[in-house]
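*Asks:* work-v6.tsv is the file, holding TSV, C-alpha atoms:
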chain	number	residue	atom	x	y	z
A	6	MET	CA	119.67	73.17	92.24
A	7	VAL	CA	117.06	70.42	92.34
A	8	VAL	CA	114.41	70.31	95.08
A	9	ILE	CA	113.86	66.67	96.05
A	10	PRO	CA	110.67	65.75	97.94
A	11	ALA	CA	111.02	63.04	100.59
A	12	VAL	CA	108.72	60.07	101.08
A	13	ASP	CA	109.65	58.32	104.33
A	14	ILE	CA	107.96	54.97	104.94
A	15	LYS	CA	107.26	53.42	108.34
A	16	ASN	CA	104.86	50.52	108.81
A	17	GLY	CA	103.75	51.01	105.23
A	18	LYS	CA	102.73	54.63	105.79
A	19	CYS	CA	104.22	57.96	104.73
A	20	VAL	CA	105.57	59.63	107.87
A	21	ARG	CA	108.03	62.22	109.06
A	22	LEU	CA	110.18	61.93	112.18
A	23	LEU	CA	111.72	64.66	114.30
A	24	GLN	CA	115.53	64.36	114.35
A	25	GLY	CA	115.15	60.72	113.27
A	26	ARG	CA	113.47	59.64	116.53
A	27	LYS	CA	111.02	56.86	115.73
A	28	GLU	CA	108.84	57.78	118.70
A	29	GLU	CA	108.43	61.31	117.26
A	30	GLU	CA	106.33	60.25	114.28
A	31	THR	CA	103.72	62.15	112.28
A	32	VAL	CA	101.72	60.16	109.73
A	33	PHE	CA	100.94	62.21	106.63
A	34	SER	CA	99.41	59.50	104.46
A	35	ASP	CA	98.46	55.82	104.55
A	36	ASP	CA	99.51	55.62	100.89
A	37	PRO	CA	103.18	56.48	100.15
A	38	ALA	CA	102.63	55.79	96.45
A	39	ALA	CA	99.92	58.45	96.33
A	40	MET	CA	102.31	60.96	97.88
A	41	ALA	CA	105.02	60.07	95.38
A	42	ARG	CA	102.48	60.49	92.59
A	43	LYS	CA	101.59	63.94	93.93
A	44	TRP	CA	105.19	65.12	93.80
A	45	ALA	CA	105.70	63.56	90.37
A	46	ARG	CA	102.66	65.37	89.00
A	47	MET	CA	104.02	68.63	90.40
A	48	GLY	CA	107.22	68.20	88.44
A	49	ALA	CA	109.66	66.46	90.80
A	50	GLU	CA	112.86	65.44	89.00
A	51	LEU	CA	113.86	62.96	91.70
A	52	ILE	CA	112.03	61.54	94.72
A	53	HIS	CA	113.85	60.60	97.93
A	54	VAL	CA	112.39	57.45	99.50
A	55	VAL	CA	113.51	56.07	102.86
A	56	ASP	CA	112.53	52.74	104.39
A	57	LEU	CA	112.68	53.86	108.01
A	58	ASP	CA	111.91	50.40	109.36
A	59	GLY	CA	114.74	49.08	107.22
A	60	ALA	CA	117.12	51.67	108.65
A	61	PHE	CA	116.23	50.74	112.23
A	62	GLU	CA	116.13	46.98	111.65
A	63	LYS	CA	119.14	46.75	109.28
A	64	SER	CA	117.36	45.21	106.30
A	65	PRO	CA	114.55	46.34	103.96
A	66	LYS	CA	111.08	46.08	105.49
A	67	ASN	CA	108.74	48.08	103.24
A	68	ILE	CA	109.42	46.42	99.89
A	69	ALA	CA	105.73	46.24	98.95
A	70	ALA	CA	105.30	49.99	99.51
A	71	ILE	CA	108.48	50.68	97.52
A	72	LYS	CA	107.22	48.55	94.63
A	73	ASN	CA	103.94	50.48	94.70
A	74	ILE	CA	105.83	53.75	94.39
A	75	LEU	CA	107.89	52.45	91.47
A	76	GLU	CA	104.70	51.34	89.72
A	77	ALA	CA	102.96	54.66	90.42
A	78	VAL	CA	105.54	57.08	89.01
A	79	ASP	CA	108.04	57.40	86.20
A	80	THR	CA	110.08	59.94	88.16
A	81	PRO	CA	113.51	58.59	89.20
A	82	ILE	CA	113.64	57.28	92.77
A	83	GLN	CA	116.58	57.27	95.15
A	84	LEU	CA	116.13	54.85	98.00
A	85	GLY	CA	117.78	54.38	101.38
A	86	GLY	CA	117.21	52.39	104.55
A	87	GLY	CA	118.67	49.02	105.47
A	88	ILE	CA	120.81	48.55	102.36
A	89	ARG	CA	123.74	46.52	103.67
A	90	ASP	CA	124.82	44.10	100.89
A	91	VAL	CA	125.30	43.81	97.15
A	92	GLN	CA	122.26	41.55	96.74
A	93	THR	CA	119.98	44.25	98.14
A	94	VAL	CA	121.55	46.89	95.92
A	95	GLY	CA	121.02	44.70	92.86
A	96	MET	CA	117.45	43.82	93.85
A	97	PHE	CA	116.35	47.44	94.15
A	98	LEU	CA	118.08	48.50	90.94
A	99	ASP	CA	116.40	45.59	89.14
A	100	LEU	CA	113.05	46.75	90.50
A	101	GLY	CA	113.61	50.15	88.92
A	102	VAL	CA	115.18	52.27	91.65
A	103	LYS	CA	117.52	54.80	90.03
A	104	ARG	CA	119.94	55.23	92.93
A	105	VAL	CA	120.49	53.45	96.22
A	106	ILE	CA	121.67	55.32	99.30
A	107	ILE	CA	124.15	53.58	101.58
A	108	GLY	CA	124.66	55.03	105.04
A	109	THR	CA	125.80	52.76	107.86
A	110	GLU	CA	127.94	50.54	105.62
A	111	ALA	CA	129.76	53.62	104.35
A	112	ILE	CA	131.49	53.81	107.72
A	113	ARG	CA	131.39	50.11	108.61
A	114	ASN	CA	132.68	48.88	105.25
A	115	PRO	CA	133.79	51.72	102.94
A	116	ARG	CA	135.69	49.36	100.64
A	117	TRP	CA	132.52	47.44	99.92
A	118	VAL	CA	130.68	50.68	99.13
A	119	SER	CA	133.42	51.66	96.69
A	120	ARG	CA	133.20	48.24	95.03
A	121	ALA	CA	129.42	48.59	94.77
A	122	ALA	CA	129.84	52.01	93.17
A	123	THR	CA	132.12	50.44	90.58
A	124	GLN	CA	129.84	47.46	90.01
A	125	PHE	CA	126.74	49.65	89.65
A	126	PRO	CA	127.90	52.84	87.87
A	127	ASP	CA	125.96	56.05	88.54
A	128	SER	CA	123.76	54.23	91.03
A	129	VAL	CA	125.33	54.50	94.50
A	130	VAL	CA	124.84	57.50	96.78
A	131	VAL	CA	126.56	57.75	100.16
A	132	GLY	CA	124.31	59.05	102.90
A	133	ILE	CA	126.22	60.95	105.56
A	134	ASP	CA	124.08	61.89	108.54
A	135	ALA	CA	125.80	63.99	111.16
A	136	ARG	CA	125.17	65.14	114.70
A	137	ASN	CA	127.50	67.99	115.73
A	138	GLY	CA	129.68	67.16	112.74
A	139	ARG	CA	130.06	63.48	113.71
A	140	VAL	CA	128.61	60.67	111.63
A	141	ALA	CA	125.55	58.85	112.99
A	142	ILE	CA	124.62	55.35	111.86
A	143	GLU	CA	122.13	52.53	112.52
A	144	GLY	CA	119.09	54.66	111.79
A	145	TRP	CA	120.77	57.59	113.61
A	146	THR	CA	120.73	55.67	116.89
A	147	GLU	CA	124.53	55.60	117.22
A	148	THR	CA	126.89	58.55	116.86
A	149	THR	CA	130.48	57.68	115.92
A	150	ALA	CA	133.74	59.55	116.36
A	151	MET	CA	134.13	59.89	112.59
A	152	LYS	CA	133.88	63.42	111.21
A	153	ALA	CA	131.47	63.83	108.31
A	154	ILE	CA	134.12	65.48	106.14
A	155	ASP	CA	136.64	62.70	106.77
A	156	LEU	CA	134.08	60.08	105.73
A	157	ALA	CA	133.15	61.99	102.59
A	158	GLN	CA	136.77	62.23	101.55
A	159	ARG	CA	137.13	58.43	101.71
A	160	PHE	CA	134.91	58.20	98.63
A	161	GLU	CA	136.76	60.57	96.34
A	162	ASP	CA	137.25	58.96	92.91
A	163	SER	CA	135.31	55.86	94.02
A	164	GLY	CA	132.47	56.19	91.54
A	165	VAL	CA	129.95	57.35	94.16
A	166	VAL	CA	127.48	59.53	92.26
A	167	ALA	CA	126.55	61.87	95.13
A	168	ILE	CA	126.67	62.45	98.86
A	169	ASN	CA	123.46	63.16	100.75
A	170	PHE	CA	124.41	65.22	103.79
A	171	THR	CA	121.90	65.53	106.62
A	172	ASP	CA	122.22	67.58	109.78
A	173	ILE	CA	120.22	65.35	112.13
A	174	GLN	CA	119.57	68.04	114.71
A	175	ARG	CA	117.72	70.07	112.10
A	176	ASP	CA	115.89	67.20	110.42
A	177	GLY	CA	112.14	67.66	110.67
A	178	MET	CA	112.60	70.72	112.86
A	179	GLN	CA	112.05	73.34	110.10
A	180	THR	CA	114.83	75.50	111.54
A	181	GLY	CA	116.76	76.00	108.31
A	182	PRO	CA	119.63	73.95	106.88
A	183	ASN	CA	123.13	73.96	108.33
A	184	ILE	CA	124.65	76.16	105.65
A	185	GLU	CA	128.17	76.27	107.05
A	186	GLN	CA	128.62	72.53	107.61
A	187	THR	CA	127.13	71.80	104.21
A	188	ARG	CA	129.53	74.29	102.62
A	189	GLN	CA	132.53	72.83	104.41
A	190	LEU	CA	131.71	69.29	103.32
A	191	ALA	CA	131.04	70.29	99.72
A	192	GLU	CA	134.29	72.22	99.55
A	193	ALA	CA	136.20	69.21	100.86
A	194	VAL	CA	135.20	66.83	98.04
A	195	SER	CA	134.63	66.85	94.30
A	196	ILE	CA	131.57	64.60	94.65
A	197	PRO	CA	128.22	66.39	94.16
A	198	VAL	CA	126.44	67.04	97.45
A	199	VAL	CA	122.72	67.06	98.26
A	200	ALA	CA	121.73	69.01	101.37
A	201	SER	CA	119.11	67.78	103.82
A	202	GLY	CA	117.70	68.70	107.20
A	203	GLY	CA	115.75	71.75	108.32
A	204	VAL	CA	114.65	73.18	104.96
A	205	SER	CA	111.28	74.80	105.54
A	206	THR	CA	110.98	78.08	103.61
A	207	ILE	CA	111.78	79.66	100.28
A	208	LYS	CA	114.42	81.67	102.12
A	209	ASP	CA	116.15	78.42	103.08
A	210	ILE	CA	116.34	77.50	99.39
A	211	GLU	CA	117.72	80.93	98.56
A	212	ASN	CA	120.34	80.57	101.29
A	213	LEU	CA	121.53	77.31	99.74
A	214	LEU	CA	121.82	78.64	96.18
A	215	PRO	CA	125.29	80.17	96.67
A	216	LEU	CA	126.53	76.68	97.59
A	217	GLU	CA	126.00	75.56	94.00
A	218	SER	CA	129.40	77.07	93.29
A	219	VAL	CA	131.03	74.51	95.62
A	220	GLY	CA	129.01	71.56	94.35
A	221	VAL	CA	125.72	71.44	96.24
A	222	VAL	CA	123.40	70.23	93.49
A	223	GLY	CA	120.17	69.52	95.32
A	224	VAL	CA	118.16	69.80	98.51
A	225	ILE	CA	115.86	67.26	100.15
A	226	THR	CA	112.80	68.49	102.00
A	227	GLY	CA	109.93	66.67	103.65
A	228	ARG	CA	107.98	67.94	106.64
A	229	ALA	CA	107.68	71.48	105.32
A	230	LEU	CA	106.10	70.20	102.10
A	231	TYR	CA	103.63	68.00	103.94
A	232	SER	CA	102.67	70.66	106.48
A	233	GLY	CA	102.20	73.27	103.75
A	234	GLY	CA	104.96	75.55	104.98
A	235	LEU	CA	106.88	75.20	101.73
A	236	ASP	CA	105.25	75.43	98.31
A	237	PHE	CA	106.93	72.81	96.12
A	238	LYS	CA	106.42	74.58	92.79
A	239	LYS	CA	107.68	77.90	94.13
A	240	ALA	CA	110.68	76.17	95.72
A	241	CYS	CA	111.52	74.53	92.38
A	242	ALA	CA	111.21	77.82	90.53
A	243	VAL	CA	113.65	79.48	92.92
A	244	ALA	CA	116.06	76.56	92.97
A	245	GLN	CA	116.11	76.13	89.20
A	246	SER	CA	116.96	79.74	88.53
A	247	ASN	CA	120.60	78.59	88.33
A	248	LEU	CA	119.88	75.13	86.90
A	249	PRO	CA	122.61	75.03	84.21
A	250	LYS	CA	125.29	75.45	86.87
A	251	MET	CA	124.29	72.40	88.89
A	252	LEU	CA	124.04	69.74	86.22
A	253	LYS	CA	127.59	68.61	86.80
A	254	LYS	CA	130.18	69.49	89.40
A	255	HIS	CA	133.60	70.39	88.02
Let me see the structure of the file written as structure tokens.

*Replies:*
Amino acid sequence: MVVIPAVDIKNGKCVRLLQGRKEEETVFSDDPAAMARKWARMGAELIHVVDLDGAFEKSPKNIAAIKNILEAVDTPIQLGGGIRDVQTVGMFLDLGVKRVIIGTEAIRNPRWVSRAATQFPDSVVVGIDARNGRVAIEGWTETTAMKAIDLAQRFEDSGVVAINFTDIQRDGMQTGPNIEQTRQLAEAVSIPVVASGGVSTIKDIENLLPLESVGVVGVITGRALYSGGLDFKKACAVAQSNLPKMLKKH
């Protein structure tokens, strides 16, 4: 299992939000690229970058900061926030982003997402953010009637490289991941799943490890790393104890 550090950008700064609420913001650095460089130097295999302003305003807003990150590190970057059309997908991939994360459009326009996954092989991740098992969109400001599992199943055999699954109510709260909902979603699809939301301790990583057997290949964590509650190198050591099993979901 891969531990993926998060770099969330708002107004050009590296921040963390509580449960996605933009008014509940903690600034951890004025230099997102420096934070990405820190995680890269510590051995990150993938860095999770989110343009929070883009997510709220429906189009990318922190392109300069994203470019700075891409110039600062060689570590692969997955990027989400405000990606709503094929031109934006192509632009970020051309800049050097490894994978783009599509959230709102996955429910608004799933056919387009599937076409994008075909057009850009191994590059499209579907972000499924759920509140009480229901998908939330538009920067988590709107909760739909769609069940997270039902949405995930729409993308079977579509070419989507992974699903990032976030339990919004745990995001930034450091209360532990939603093991059961993550398990249920991973069991429902053959697409690799990355868990997110609430991871704050080594024990949380250990609790997720059994889910490798159902296709959970990684875990995203942010606030706990920035606050010092979770040691990144120790988390990686624990998570990679079963590394050969997670390289590809069968």

*Asks:* Taking only C-alpha atoms into account, name the residue in A:Asp209, A:Glu143, A:Glu50, A:Asp13 that is nearest to A:Ile71.

*Replies:*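 The closest residue to A:Ile71 is A:Asp13.
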
*Asks:* Rank A:Ile14, A:Thr31, A:Trp117, A:Ile82 by their smallest atom-to-atom distance to A:Ala70, using only C-alpha atoms, and report the top residue only.

*Replies:*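 Smallest separation from A:Ala70 among the options: A:Ile14.
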
*Asks:* Which of these, A:Ser163, A:Asn67, A:Thr80, A:Asn16, has the shortest distance to A:Lys43 once you count only C-alpha atoms?

*Replies:*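 Among the listed residues, the smallest separation from A:Lys43 belongs to A:Thr80.
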
*Asks:* Nearest residue to A:Val219 out of A:Val105, A:Met6, A:Leu75, A:Val131, using all atoms listed in the file?

*Replies:*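 Counting all atoms listed in the file, the residue closest to A:Val219 is A:Met6.
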
*Asks:* Using only C-alpha atoms, can you tell me which of A:Glu147, A:Glu217, A:Glu211, A:Asp56 comes closest to A:Ala240?

*Replies:*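 Of A:Glu147, A:Glu217, A:Glu211, A:Asp56, the one nearest A:Ala240, counting only C-alpha atoms, is A:Glu211.
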
*Asks:* Within 7 Å of A:Lys238, counting all atoms listed in the file, which residues show up once you throw out same-chain ones fewer than 3 positions away? Write them as a list in words, please.

*Replies:*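 Counting only the stated atoms, we get Met47, Cys241 and Ala242 of chain A.
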
*Asks:* Output the selection as a JSON list (two decimals), in the frame of the given file - C-alpha atoms for each residue.

*Replies:*
[["chain", "number", "residue", "atom", "x", "y", "z"],
["A", 47, "MET", "CA", 104.02, 68.63, 90.40],
["A", 241, "CYS", "CA", 111.52, 74.53, 92.38],
["A", 242, "ALA", "CA", 111.21, 77.82, 90.53]]

*Asks:* For each of A:Thr206, A:Asn137, A:Ser34, A:Ser201, take the minimum atom-to-atom distance to A:Met151, counting only C-alpha atoms, then give the residue where this is smallest.

*Replies:*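 Of all the options, A:Asn137 lies closest to A:Met151.
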
*Asks:* Take atom CA of A:Arg116 and atom CA of A:Leu51 and report the distance between them in Å, one decimal.

*Replies:*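 Between atom CA of A:Arg116 and atom CA of A:Leu51 the gap is 27.2 Å.
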
*Asks:* Extract, using all atoms listed in the file, all DNA, RNA and protein residues at most 9 Å from A:Arg188, discarding same-chain residues fewer than 5 positions from it, and format them as a compact mmCIF listing (two decimals) with C-alpha atoms, keeping the file's coordinate frame.

*Replies:*
# COMPACT_ATOMS: atom_id res chain seq x y z
CA ASN A 183 123.13 73.96 108.33
CA ALA A 193 136.20 69.21 100.86
CA LEU A 216 126.53 76.68 97.59
CA VAL A 219 131.03 74.51 95.62
CA GLY A 220 129.01 71.56 94.35
CA VAL A 221 125.72 71.44 96.24

*Asks:* Identify, on the basis of all atoms listed in the file, every residue whose closest approach to stretch 225-235 of chain A does not exceed 8 Å; exclude the query and any residue fewer than 4 positions from it along the same chain; express the result as a list in words.

*Replies:*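 So, after excluding close chain neighbours, the residues are Val8, Ile9, Pro10, Ala11, Val12, Arg21, Phe33, His53, Gly177, Gln179, Val199, Ala200, Ser201, Gly202, Gly203, Val204, Ser205, Thr206, Ile207 and Ala240 of chain A.
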
*Asks:* Between atom CA of A:Pro126 and atom CA of A:Leu213, what is the distance in Å, rounded to a tenth?

*Replies:*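 Those two atoms sit 27.9 Å apart.
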
*Asks:* Got a sec: who's within 12 Å of A:Met96, counting only C-alpha atoms, leaving out chain neighbours fewer than 6 positions off, as a PyMOL selection string?

*Replies:* chain A and resi 65+68+71-72+84+88-90+102-105+125
